[in-house]
file target24.cif (mmCIF, C-alpha atoms)
data_run
#
loop_
_atom_site.label_atom_id
_atom_site.label_comp_id
_atom_site.auth_asym_id
_atom_site.auth_seq_id
_atom_site.Cartn_x
_atom_site.Cartn_y
_atom_site.Cartn_z
CA MET A 415 -13.66 -64.13 -26.91
CA ALA A 416 -14.42 -66.62 -24.13
CA HIS A 417 -11.74 -69.03 -23.00
CA ASP A 418 -12.95 -72.05 -21.04
CA HIS A 419 -10.57 -73.03 -18.30
CA PRO A 420 -9.16 -76.60 -18.15
CA ALA A 421 -11.45 -79.26 -16.75
CA THR A 422 -9.02 -80.57 -14.13
CA ARG A 423 -6.69 -78.89 -11.67
CA PRO A 424 -3.43 -80.11 -10.19
CA ALA A 425 -4.22 -82.46 -7.31
CA ASN A 426 -1.75 -80.41 -5.28
CA PRO A 427 -1.49 -76.80 -6.51
CA ARG A 428 1.31 -75.96 -4.07
CA PHE A 429 4.22 -74.79 -6.20
CA SER A 430 5.77 -72.42 -3.67
CA SER A 431 9.57 -72.21 -3.63
CA GLY A 432 9.68 -72.33 0.15
CA PRO A 433 8.22 -73.65 2.26
CA CYS A 434 7.63 -76.19 -0.49
CA ALA A 435 5.07 -78.92 -1.04
CA LYS A 436 5.03 -81.69 1.55
CA ILE A 437 5.94 -85.21 0.49
CA PRO A 438 3.12 -86.76 -1.60
CA THR A 439 2.30 -89.32 1.10
CA PHE A 440 2.12 -86.78 3.92
CA THR A 441 -0.62 -86.95 6.54
CA LEU A 442 -0.57 -85.50 10.02
CA ASP A 443 -0.79 -88.91 11.64
CA LYS A 444 2.68 -89.67 10.29
CA LEU A 445 3.97 -87.30 12.99
CA SER A 446 2.36 -89.27 15.83
CA ASP A 447 5.75 -90.54 17.02
CA ALA A 448 7.11 -87.03 17.56
CA ALA A 449 8.82 -86.48 20.91
CA LEU A 450 6.43 -83.70 21.88
CA GLY A 451 6.77 -82.30 25.38
CA ARG A 452 10.16 -83.97 25.72
CA SER A 453 13.49 -82.25 26.08
CA HIS A 454 15.72 -82.31 23.02
CA ARG A 455 18.46 -83.19 25.51
CA ALA A 456 16.63 -86.28 26.72
CA LYS A 457 17.63 -89.66 25.29
CA ILE A 458 14.70 -89.73 22.88
CA GLY A 459 15.38 -86.20 21.67
CA LYS A 460 19.07 -86.86 21.08
CA GLU A 461 18.28 -90.08 19.25
CA LYS A 462 15.90 -88.37 16.86
CA LEU A 463 18.28 -85.48 16.19
CA LYS A 464 21.12 -87.90 15.54
CA ALA A 465 18.85 -89.91 13.22
CA ALA A 466 18.13 -86.73 11.28
CA ILE A 467 21.85 -86.05 10.91
CA GLU A 468 22.81 -89.57 9.91
CA GLY A 469 19.80 -89.87 7.59
CA THR A 470 21.00 -86.72 5.86
CA ARG A 471 24.48 -88.23 5.49
CA GLU A 472 23.02 -91.46 4.09
CA ILE A 473 20.70 -89.90 1.49
CA LEU A 474 23.13 -87.21 0.31
CA GLY A 475 26.21 -89.44 0.36
CA ILE A 476 28.14 -87.06 2.60
CA PRO A 477 31.62 -88.41 3.46
CA ALA A 478 32.05 -89.97 6.90
CA ASP A 479 34.69 -87.43 7.93
CA TYR A 480 32.42 -84.44 7.23
CA LYS A 481 30.55 -82.92 10.16
CA ILE A 482 26.79 -82.33 9.91
CA GLY A 483 24.95 -80.05 12.31
CA ILE A 484 21.37 -78.86 12.80
CA VAL A 485 21.49 -75.13 13.39
CA PRO A 486 19.05 -72.28 14.04
CA ALA A 487 17.36 -69.93 11.57
CA SER A 488 17.04 -72.15 8.52
CA ASP A 489 19.55 -71.90 5.66
CA THR A 490 20.08 -68.22 6.39
CA GLY A 491 21.31 -69.02 9.88
CA ALA A 492 23.63 -71.73 8.56
CA VAL A 493 25.18 -69.41 5.95
CA GLU A 494 25.64 -66.61 8.49
CA MET A 495 27.26 -69.02 10.97
CA ALA A 496 29.72 -70.09 8.30
CA MET A 497 30.59 -66.58 7.14
CA TRP A 498 30.94 -65.07 10.61
CA SER A 499 33.01 -67.99 11.88
CA LEU A 500 35.27 -68.75 8.92
CA LEU A 501 35.81 -65.63 6.83
CA GLY A 502 38.55 -63.11 7.47
CA ALA A 503 41.53 -65.44 7.56
CA ARG A 504 42.30 -64.66 3.91
CA LYS A 505 40.84 -62.62 1.10
CA ALA A 506 37.33 -63.62 0.01
CA THR A 507 35.54 -63.80 -3.30
CA MET A 508 31.79 -63.27 -3.23
CA VAL A 509 29.98 -64.78 -6.21
CA ALA A 510 26.35 -63.78 -6.79
CA TRP A 511 23.76 -64.16 -9.54
CA GLU A 512 20.49 -63.81 -7.65
CA SER A 513 18.88 -62.22 -4.60
CA PHE A 514 20.19 -64.41 -1.80
CA GLY A 515 23.73 -64.46 -3.12
CA SER A 516 23.57 -60.69 -3.30
CA GLY A 517 22.49 -60.68 0.34
CA TRP A 518 25.60 -62.60 1.34
CA VAL A 519 27.69 -60.02 -0.53
CA THR A 520 26.10 -57.23 1.50
CA ASP A 521 26.73 -59.02 4.80
CA VAL A 522 30.39 -59.71 4.05
CA VAL A 523 31.32 -56.40 2.44
CA LYS A 524 29.22 -53.97 4.48
CA GLN A 525 28.75 -55.75 7.83
CA LEU A 526 31.89 -57.83 8.32
CA LYS A 527 33.90 -55.42 6.12
CA ILE A 528 36.08 -58.22 4.78
CA ASP A 529 38.49 -57.66 1.91
CA ALA A 530 36.52 -59.32 -0.89
CA GLU A 531 36.31 -59.34 -4.64
CA VAL A 532 32.72 -59.36 -5.83
CA LYS A 533 31.75 -61.19 -9.02
CA THR A 534 28.18 -60.99 -10.23
CA ALA A 535 26.01 -62.08 -13.13
CA GLY A 536 22.53 -60.99 -14.12
CA TYR A 537 19.37 -62.98 -13.51
CA GLY A 538 19.33 -66.03 -15.76
CA GLU A 539 23.12 -66.25 -15.95
CA ILE A 540 25.94 -67.43 -13.67
CA VAL A 541 29.52 -66.37 -13.10
CA ASP A 542 32.15 -68.36 -14.96
CA PHE A 543 33.97 -70.29 -12.24
CA ALA A 544 37.08 -70.43 -14.43
CA GLU A 545 37.48 -66.74 -13.58
CA VAL A 546 37.22 -67.24 -9.81
CA ASP A 547 40.34 -67.38 -7.64
CA PHE A 548 39.84 -70.40 -5.41
CA ASP A 549 42.92 -69.57 -3.41
CA THR A 550 40.59 -67.06 -1.77
CA ASP A 551 37.60 -68.10 0.33
CA VAL A 552 34.70 -68.31 -2.14
CA VAL A 553 31.05 -67.84 -1.13
CA PHE A 554 28.35 -68.76 -3.66
CA THR A 555 24.92 -70.29 -4.12
CA TRP A 556 24.77 -73.59 -5.96
CA ASN A 557 21.21 -73.08 -7.18
CA GLY A 558 19.76 -69.61 -7.60
CA THR A 559 16.34 -70.00 -6.03
CA THR A 560 15.18 -66.61 -7.32
CA SER A 561 16.83 -66.80 -10.75
CA GLY A 562 16.35 -70.42 -11.81
CA VAL A 563 19.99 -71.12 -12.59
CA ARG A 564 22.46 -73.55 -11.06
CA VAL A 565 26.12 -74.50 -11.17
CA PRO A 566 26.17 -77.39 -13.67
CA ASN A 567 28.97 -79.23 -11.87
CA GLY A 568 32.04 -78.70 -9.71
CA ASP A 569 34.61 -79.32 -12.44
CA LYS A 570 36.02 -75.77 -12.32
CA ILE A 571 36.60 -75.87 -8.55
CA PRO A 572 40.22 -77.05 -8.14
CA ALA A 573 40.99 -79.92 -5.82
CA ASP A 574 44.18 -78.19 -4.68
CA ARG A 575 42.52 -74.88 -3.76
CA GLU A 576 43.99 -72.91 -0.87
CA GLY A 577 40.77 -71.20 0.15
CA LEU A 578 37.51 -72.60 1.45
CA THR A 579 34.36 -72.96 -0.63
CA ILE A 580 31.23 -71.89 1.25
CA CYS A 581 28.16 -73.03 -0.68
CA ASP A 582 24.54 -72.11 -0.06
CA ALA A 583 22.87 -75.21 -1.49
CA THR A 584 19.43 -74.80 -0.01
CA SER A 585 17.39 -75.35 -3.20
CA ALA A 586 19.90 -77.84 -4.62
CA ALA A 587 20.40 -80.39 -1.84
CA PHE A 588 18.39 -83.58 -2.41
CA ALA A 589 17.70 -82.69 -6.08
CA GLN A 590 21.12 -82.05 -7.61
CA ASP A 591 24.52 -83.68 -7.52
CA LEU A 592 26.72 -81.88 -4.99
CA PRO A 593 30.43 -82.74 -5.32
CA TRP A 594 31.40 -82.98 -1.67
CA ASP A 595 35.13 -83.04 -2.37
CA LYS A 596 34.77 -79.55 -3.89
CA LEU A 597 32.65 -78.12 -1.05
CA ASP A 598 34.12 -77.19 2.32
CA VAL A 599 30.99 -75.69 3.84
CA THR A 600 27.52 -76.54 2.57
CA THR A 601 24.24 -75.19 3.92
CA PHE A 602 20.58 -75.94 3.27
CA SER A 603 17.24 -76.21 5.02
CA TRP A 604 14.53 -78.82 5.34
CA GLN A 605 11.85 -76.63 3.78
CA LYS A 606 12.97 -76.92 0.16
CA VAL A 607 13.39 -80.24 -1.68
CA MET A 608 12.29 -82.31 1.33
CA GLY A 609 9.15 -80.26 1.92
CA GLY A 610 10.01 -79.90 5.60
CA GLU A 611 9.05 -77.17 8.01
CA ALA A 612 10.97 -73.91 8.25
CA ALA A 613 13.40 -72.53 10.88
CA HIS A 614 15.98 -75.34 10.94
CA GLY A 615 19.21 -75.20 8.95
CA MET A 616 21.82 -77.78 8.11
CA LEU A 617 25.54 -77.05 8.17
CA VAL A 618 28.02 -79.48 6.59
CA LEU A 619 31.74 -78.99 7.28
CA SER A 620 34.67 -80.65 5.52
CA PRO A 621 37.86 -81.48 7.45
CA ARG A 622 39.42 -78.37 5.89
CA ALA A 623 36.63 -76.22 7.31
CA VAL A 624 37.05 -77.78 10.75
CA GLU A 625 40.78 -77.08 10.60
CA ARG A 626 40.05 -73.42 9.84
CA LEU A 627 37.61 -73.20 12.75
CA GLU A 628 40.21 -74.60 15.15
CA SER A 629 43.11 -72.48 13.89
CA TYR A 630 41.49 -69.11 13.26
CA THR A 631 39.60 -66.73 15.54
CA PRO A 632 37.73 -63.83 13.90
CA THR A 633 38.48 -60.32 15.13
CA TRP A 634 34.82 -59.44 15.66
CA PRO A 635 32.62 -60.48 18.60
CA MET A 636 30.88 -63.76 17.93
CA PRO A 637 27.20 -64.14 18.92
CA LYS A 638 26.54 -67.21 21.04
CA ILE A 639 24.26 -68.67 18.41
CA PHE A 640 27.17 -68.71 15.90
CA ARG A 641 29.86 -70.24 18.12
CA MET A 642 31.10 -73.64 16.98
CA THR A 643 34.35 -73.85 18.95
CA LYS A 644 35.38 -73.67 22.58
CA GLY A 645 38.98 -73.34 23.68
CA GLY A 646 40.13 -73.61 20.08
CA LYS A 647 38.39 -76.95 19.52
CA LEU A 648 35.25 -77.81 17.61
CA ILE A 649 32.20 -78.33 19.82
CA GLU A 650 31.59 -81.89 18.68
CA GLY A 651 28.20 -82.12 20.33
CA ILE A 652 26.66 -79.78 17.76
CA PHE A 653 27.35 -82.40 15.11
CA VAL A 654 25.78 -85.36 16.88
CA GLY A 655 22.49 -83.67 17.73
CA GLU A 656 23.28 -81.43 20.70
CA THR A 657 21.83 -78.35 19.05
CA ILE A 658 22.88 -74.80 19.93
CA ASN A 659 19.33 -73.82 20.80
CA THR A 660 16.03 -75.65 21.25
CA PRO A 661 14.76 -77.27 18.03
CA SER A 662 11.16 -78.14 17.25
CA MET A 663 10.78 -81.85 17.84
CA LEU A 664 7.66 -81.76 15.67
CA ALA A 665 9.70 -80.36 12.78
CA VAL A 666 12.41 -82.96 13.43
CA GLU A 667 9.83 -85.74 13.19
CA ASP A 668 8.51 -84.25 9.97
CA TYR A 669 12.04 -84.31 8.51
CA LEU A 670 12.55 -87.93 9.62
CA VAL A 671 9.33 -88.86 7.82
CA ALA A 672 10.56 -87.07 4.70
CA LEU A 673 13.87 -88.95 4.86
CA ASP A 674 11.97 -92.25 5.02
CA TRP A 675 9.98 -91.19 1.96
CA ALA A 676 13.22 -90.31 0.17
CA ARG A 677 14.47 -93.85 0.79
CA SER A 678 11.20 -95.24 -0.62
CA VAL A 679 11.63 -93.41 -3.94
CA GLY A 680 15.21 -94.54 -4.49
CA GLY A 681 17.29 -92.19 -2.36
CA LEU A 682 19.18 -89.31 -3.92
CA GLN A 683 18.95 -90.67 -7.47
CA GLY A 684 15.21 -91.12 -7.12
CA LEU A 685 14.81 -87.58 -5.79
CA ARG A 686 16.90 -86.18 -8.63
CA ASN A 687 14.91 -88.12 -11.21
CA ARG A 688 11.65 -86.74 -9.85
CA ALA A 689 12.89 -83.14 -9.94
CA ASP A 690 14.31 -83.62 -13.44
CA ALA A 691 11.01 -85.03 -14.69
CA ASN A 692 9.05 -82.15 -13.16
CA ALA A 693 11.30 -79.48 -14.62
CA LYS A 694 11.32 -81.13 -18.05
CA VAL A 695 7.56 -80.69 -18.28
CA LEU A 696 8.03 -76.92 -18.05
CA TRP A 697 11.11 -76.88 -20.29
CA ASP A 698 9.19 -78.77 -22.99
CA PHE A 699 6.23 -76.43 -22.55
CA CYS A 700 8.50 -73.43 -23.18
CA ASP A 701 9.92 -75.11 -26.29
CA GLU A 702 6.39 -75.62 -27.63
CA HIS A 703 5.15 -72.04 -27.08
CA ASP A 704 6.70 -68.85 -28.40
CA TRP A 705 5.27 -66.57 -25.69
CA ILE A 706 7.14 -68.00 -22.70
CA GLU A 707 10.80 -68.85 -22.02
CA ASN A 708 13.05 -70.16 -19.31
CA LEU A 709 14.82 -67.29 -17.57
CA ALA A 710 18.06 -69.30 -17.62
CA VAL A 711 20.05 -68.29 -20.69
CA ASP A 712 22.19 -71.44 -20.96
CA PRO A 713 20.25 -74.74 -20.89
CA SER A 714 23.14 -76.40 -19.04
CA THR A 715 22.56 -74.09 -16.07
CA ARG A 716 18.77 -74.44 -15.85
CA SER A 717 17.55 -75.29 -12.37
CA ASN A 718 15.48 -78.44 -11.95
CA THR A 719 13.91 -77.13 -8.74
CA SER A 720 13.16 -73.39 -8.91
CA VAL A 721 12.15 -73.04 -12.55
CA CYS A 722 11.88 -69.35 -13.44
CA LEU A 723 9.89 -68.30 -16.51
CA LYS A 724 9.44 -65.06 -18.42
CA PHE A 725 6.74 -63.93 -20.86
CA THR A 726 8.05 -62.85 -24.26
CA ASP A 727 4.94 -61.96 -26.26
CA ALA A 728 5.30 -58.56 -27.93
CA ARG A 729 1.67 -57.73 -27.17
CA ILE A 730 2.38 -57.53 -23.43
CA LYS A 731 2.66 -53.85 -22.51
CA ASP A 732 3.47 -54.13 -18.80
CA GLY A 733 5.41 -57.30 -18.04
CA ALA A 734 5.20 -57.03 -14.25
CA ALA A 735 1.45 -56.37 -14.25
CA PHE A 736 0.83 -59.18 -16.75
CA ALA A 737 2.82 -61.76 -14.75
CA LYS A 738 1.14 -60.67 -11.53
CA ALA A 739 -2.28 -61.06 -13.15
CA ILE A 740 -1.41 -64.57 -14.33
CA ALA A 741 -0.23 -65.62 -10.87
CA LYS A 742 -3.35 -64.15 -9.24
CA LYS A 743 -5.70 -65.82 -11.70
CA LEU A 744 -4.14 -69.23 -11.13
CA ASP A 745 -4.31 -68.70 -7.37
CA ASP A 746 -7.97 -67.59 -7.56
CA TYR A 747 -8.84 -70.74 -9.48
CA ASN A 748 -6.87 -72.96 -7.07
CA ALA A 749 -4.69 -74.10 -9.95
CA ALA A 750 -1.33 -72.88 -8.60
CA TYR A 751 -0.32 -71.11 -5.42
CA ASP A 752 2.63 -68.77 -4.86
CA ILE A 753 4.20 -68.86 -8.32
CA GLY A 754 4.92 -65.17 -8.81
CA ALA A 755 8.55 -64.25 -9.44
CA TYR A 756 10.60 -63.23 -6.40
CA ARG A 757 10.25 -59.53 -5.64
CA ASP A 758 13.81 -58.67 -6.74
CA ALA A 759 13.76 -60.87 -9.84
CA PRO A 760 12.63 -59.98 -13.38
CA ALA A 761 8.88 -60.10 -14.00
CA GLY A 762 7.60 -63.60 -14.59
CA LEU A 763 6.76 -66.81 -12.77
CA ARG A 764 8.68 -69.16 -10.49
CA VAL A 765 7.43 -72.74 -10.28
CA TRP A 766 8.89 -75.15 -7.74
CA CYS A 767 9.67 -78.51 -9.32
CA GLY A 768 11.46 -80.23 -6.46
CA ALA A 769 11.07 -83.91 -5.67
CA THR A 770 7.92 -83.58 -3.54
CA VAL A 771 5.99 -82.26 -6.57
CA GLU A 772 4.24 -84.73 -8.88
CA ALA A 773 4.91 -84.52 -12.63
CA ALA A 774 1.20 -85.06 -13.33
CA ASP A 775 0.45 -81.87 -11.42
CA VAL A 776 3.03 -79.92 -13.43
CA GLU A 777 1.42 -81.25 -16.62
CA LYS A 778 -1.97 -79.95 -15.49
CA LEU A 779 -0.40 -76.65 -14.49
CA THR A 780 0.83 -76.10 -18.05
CA LEU A 781 -2.77 -76.32 -19.30
CA TRP A 782 -3.75 -73.64 -16.84
CA LEU A 783 -0.76 -71.51 -17.78
CA LYS A 784 -1.84 -71.59 -21.42
CA TRP A 785 -5.43 -70.76 -20.50
CA ALA A 786 -4.42 -67.90 -18.20
CA PHE A 787 -2.10 -66.44 -20.83
CA GLU A 788 -4.73 -66.54 -23.56
CA THR A 789 -7.33 -65.07 -21.22
CA GLU A 790 -5.11 -62.19 -20.12
CA ILE A 791 -3.97 -61.41 -23.68
CA ALA A 792 -7.58 -61.32 -24.81
CA ALA A 793 -8.56 -59.04 -21.94
CA GLN A 794 -5.63 -56.74 -22.68
CA THR A 795 -6.64 -56.55 -26.36
CA GLU A 796 -10.25 -55.75 -25.49
CA THR A 797 -9.26 -52.84 -23.26
CA ALA A 798 -6.66 -51.44 -25.65
#

call {"tool": "encode", "arguments": {"input": "target24.cif", "output": "structure tokens"}}
result
Amino acid sequence: MAHDHPATRPANPRFSSGPCAKIPTFTLDKLSDAALGRSHRAKIGKEKLKAAIEGTREILGIPADYKIGIVPASDTGAVEMAMWSLLGARKATMVAWESFGSGWVTDVVKQLKIDAEVKTAGYGEIVDFAEVDFDTDVVFTWNGTTSGVRVPNGDKIPADREGLTICDATSAAFAQDLPWDKLDVTTFSWQKVMGGEAAHGMLVLSPRAVERLESYTPTWPMPKIFRMTKGGKLIEGIFVGETINTPSMLAVEDYLVALDWARSVGGLQGLRNRADANAKVLWDFCDEHDWIENLAVDPSTRSNTSVCLKFTDARIKDGAAFAKAIAKKLDDYNAAYDIGAYRDAPAGLRVWCGATVEAADVEKLTLWLKWAFETEIAAQTETA
């Protein structure tokens, strides 16, 4: 049986979960003011880096007494800096429910060999924070980029905790509400919700985190690229734009442009509204079709950025092969790029719904998802 594909495609079929779609108004000429060929230590370079830091503070509502730094190696570099520099002073609790969180567990337990309790949940679920001891240092992801689940709020993180909270928020920042008073270290990158370029990370430190840095020295050698203190004092320059290593001034300009766009759509609330609207299109689609579901078990923990989906039709014999065929078909037809599930995640699809994506494109994608599913089911039946 022939299945005609939809008449229109998403105007922007880029639904990758990182690097993510550029801002809708992006054109290369918007980067014409980039400080190319100039030192990042020159006046113009420092000004742009500082503008990136303060623009981040403005949009995200980060408290004035929190430090914000631009660091190497994207979100991964920021998380590693935090763990290598801060952990070891007290027992740690590693909380993981997806691939990247599991990676942080490996680094802490097997590389740093820190005394840590490990709490995990399967894909589509999260650990109950009521069962976490926040008098230990707690490392966790706010939004599971590879599992499509998020922490619904910070209510279960006590204000009077003794330990530090170290939060990988890379696919949450700029799309979800981050309770800064509950987060001592927060990391993210430009390449997710802001659609920026890769390789640059952001590290946000609370006063409690700064106090730990200045009062505790890890027992292991510290790579230069991770060092945030000198003589027992915070290197303040890192947090006003004097980066540890050379940043890309082109990427910095791209981020500044994205921050301006964020202001134009209503700041953080506008960004959150856009992500919510995008994700709702897929959530409603799942509710209307009995062959596809959200991977997140509890609706209150569903991510509004990295929406992970699973096929549930009993006729599907090989779930991984079926999902791969769907993703390839949509790519071949230029209807959706890079939406296969992460390699460690359950078979299915992962559709980025962050603020730089347009809801109209997600709507068109659902038509193509339905067509691809029906086409693949028919083909499977014919060859059975």

call {"tool": "atom_distance", "arguments": {"input": "target24.cif", "atom1": "atom CA of Leu673 of chain A", "atom2": "atom CA of Ala750 of chain A"}}
result
25.9 Å

call {"tool": "residues_around", "arguments": {"input": "target24.cif", "residues": "segment 605-621 of chain A", "least_positions_apart": "3", "cutoff": "8 Å", "atoms": "only C-alpha atoms", "output": "PyMOL selection string"}}
result
chain A and resi 431-437+479-493+584-589+597-602+624-625+661+665+668-669+672-673+719+768-770

call {"tool": "write_last_selection", "arguments": {"input": "target24.cif", "atoms": "C-alpha atoms", "output": "short mmCIF file (atom, residue, chain, number, x, y, z; two decimals), keeping the file's coordinate frame"}}
result
data_model
loop_
_atom_site.label_atom_id
_atom_site.label_comp_id
_atom_site.auth_asym_id
_atom_site.auth_seq_id
_atom_site.Cartn_x
_atom_site.Cartn_y
_atom_site.Cartn_z
CA SER A 431 9.57 -72.21 -3.63
CA GLY A 432 9.68 -72.33 0.15
CA PRO A 433 8.22 -73.65 2.26
CA CYS A 434 7.63 -76.19 -0.49
CA ALA A 435 5.07 -78.92 -1.04
CA LYS A 436 5.03 -81.69 1.55
CA ILE A 437 5.94 -85.21 0.49
CA ASP A 479 34.69 -87.43 7.93
CA TYR A 480 32.42 -84.44 7.23
CA LYS A 481 30.55 -82.92 10.16
CA ILE A 482 26.79 -82.33 9.91
CA GLY A 483 24.95 -80.05 12.31
CA ILE A 484 21.37 -78.86 12.80
CA VAL A 485 21.49 -75.13 13.39
CA PRO A 486 19.05 -72.28 14.04
CA ALA A 487 17.36 -69.93 11.57
CA SER A 488 17.04 -72.15 8.52
CA ASP A 489 19.55 -71.90 5.66
CA THR A 490 20.08 -68.22 6.39
CA GLY A 491 21.31 -69.02 9.88
CA ALA A 492 23.63 -71.73 8.56
CA VAL A 493 25.18 -69.41 5.95
CA THR A 584 19.43 -74.80 -0.01
CA SER A 585 17.39 -75.35 -3.20
CA ALA A 586 19.90 -77.84 -4.62
CA ALA A 587 20.40 -80.39 -1.84
CA PHE A 588 18.39 -83.58 -2.41
CA ALA A 589 17.70 -82.69 -6.08
CA LEU A 597 32.65 -78.12 -1.05
CA ASP A 598 34.12 -77.19 2.32
CA VAL A 599 30.99 -75.69 3.84
CA THR A 600 27.52 -76.54 2.57
CA THR A 601 24.24 -75.19 3.92
CA PHE A 602 20.58 -75.94 3.27
CA VAL A 624 37.05 -77.78 10.75
CA GLU A 625 40.78 -77.08 10.60
CA PRO A 661 14.76 -77.27 18.03
CA ALA A 665 9.70 -80.36 12.78
CA ASP A 668 8.51 -84.25 9.97
CA TYR A 669 12.04 -84.31 8.51
CA ALA A 672 10.56 -87.07 4.70
CA LEU A 673 13.87 -88.95 4.86
CA THR A 719 13.91 -77.13 -8.74
CA GLY A 768 11.46 -80.23 -6.46
CA ALA A 769 11.07 -83.91 -5.67
CA THR A 770 7.92 -83.58 -3.54
#

call {"tool": "residues_around", "arguments": {"input": "target24.cif", "residues": "Gly684 of chain A", "least_positions_apart": "4", "cutoff": "12 Å", "atoms": "all atoms listed in the file", "output": "MDAnalysis selection string"}}
result
chainID A and resid 473:474 588:591 675:680 688:691 768:770

call {"tool": "write_last_selection", "arguments": {"input": "target24.cif", "atoms": "C-alpha atoms", "output": "short mmCIF file (atom, residue, chain, number, x, y, z; two decimals), in the frame of the given file"}}
result
data_model
loop_
_atom_site.label_atom_id
_atom_site.label_comp_id
_atom_site.auth_asym_id
_atom_site.auth_seq_id
_atom_site.Cartn_x
_atom_site.Cartn_y
_atom_site.Cartn_z
CA ILE A 473 20.70 -89.90 1.49
CA LEU A 474 23.13 -87.21 0.31
CA PHE A 588 18.39 -83.58 -2.41
CA ALA A 589 17.70 -82.69 -6.08
CA GLN A 590 21.12 -82.05 -7.61
CA ASP A 591 24.52 -83.68 -7.52
CA TRP A 675 9.98 -91.19 1.96
CA ALA A 676 13.22 -90.31 0.17
CA ARG A 677 14.47 -93.85 0.79
CA SER A 678 11.20 -95.24 -0.62
CA VAL A 679 11.63 -93.41 -3.94
CA GLY A 680 15.21 -94.54 -4.49
CA ARG A 688 11.65 -86.74 -9.85
CA ALA A 689 12.89 -83.14 -9.94
CA ASP A 690 14.31 -83.62 -13.44
CA ALA A 691 11.01 -85.03 -14.69
CA GLY A 768 11.46 -80.23 -6.46
CA ALA A 769 11.07 -83.91 -5.67
CA THR A 770 7.92 -83.58 -3.54
#

call {"tool": "closest_residue", "arguments": {"input": "target24.cif", "among": "A:Val523, A:Leu685, A:Ala735, A:Leu664", "to": "Asp443 of chain A", "atoms": "all atoms listed in the file"}}
result
A:Leu664

call {"tool": "resolve_selection", "arguments": {"input": "target24.cif", "expression": "the PyMOL selection byres ((chain A and resi 448) around 8)", "output": "number ranges by chain"}}
result
A: 445-447, 449-450, 663-664, 666-667

call {"tool": "axis_aligned_box", "arguments": {"input": "target24.cif", "around": "segment 619-628 of chain A", "padding_each_side": "4 Å", "output": "AutoDock Vina command-line options"}}
result
--center_x 36.3 --center_y -77.3 --center_z 10.3 --size_x 17.0 --size_y 16.3 --size_z 17.6

call {"tool": "residues_around", "arguments": {"input": "target24.cif", "residues": "segment 785-788 of chain A", "least_positions_apart": "4", "cutoff": "10 Å", "atoms": "all atoms listed in the file", "output": "list of chain:residue names"}}
result
A:Met415, A:Ala416, A:His417, A:Asp418, A:His419, A:Pro420, A:Trp705, A:Ile706, A:Phe725, A:Asp727, A:Phe736, A:Ala737, A:Ala739, A:Ile740, A:Ala741, A:Lys742, A:Lys743, A:Leu744, A:Leu779, A:Thr780, A:Leu781, A:Ala792, A:Ala793, A:Gln794

call {"tool": "resolve_selection", "arguments": {"input": "target24.cif", "expression": "the PyMOL selection byres ((chain A and resi 574) around 12)", "output": "ChimeraX atom specification"}}
result
/A:547-549,570-573,575-579,595-596,622

call {"tool": "residues_near_point", "arguments": {"input": "target24.cif", "point": "(9.6, -72.1, -17.3)", "cutoff": "7 Å", "atoms": "only C-alpha atoms", "output": "list of chain:residue names"}}
result
A:Leu696, A:Trp697, A:Cys700, A:Glu707, A:Asn708, A:Val721, A:Cys722, A:Leu723

call {"tool": "closest_residue", "arguments": {"input": "target24.cif", "among": "A:Val771, A:Leu763, A:Leu500, A:Val546", "to": "Leu526 of chain A", "atoms": "all atoms listed in the file"}}
result
A:Leu500

call {"tool": "atom_distance", "arguments": {"input": "target24.cif", "atom1": "atom CA of Lys464 of chain A", "atom2": "atom CA of Gly655 of chain A"}}
result
5.0 Å

call {"tool": "atom_distance", "arguments": {"input": "target24.cif", "atom1": "atom CA of Thr726 of chain A", "atom2": "atom CA of Asp701 of chain A"}}
result
12.6 Å

call {"tool": "residues_around", "arguments": {"input": "target24.cif", "residues": "Met636 of chain A", "least_positions_apart": "6", "cutoff": "12 Å", "atoms": "all atoms listed in the file", "output": "list of chain:residue names"}}
result
A:Glu494, A:Met495, A:Ala496, A:Met497, A:Trp498, A:Ser499, A:Leu500, A:Leu526, A:Met642, A:Thr643, A:Lys644
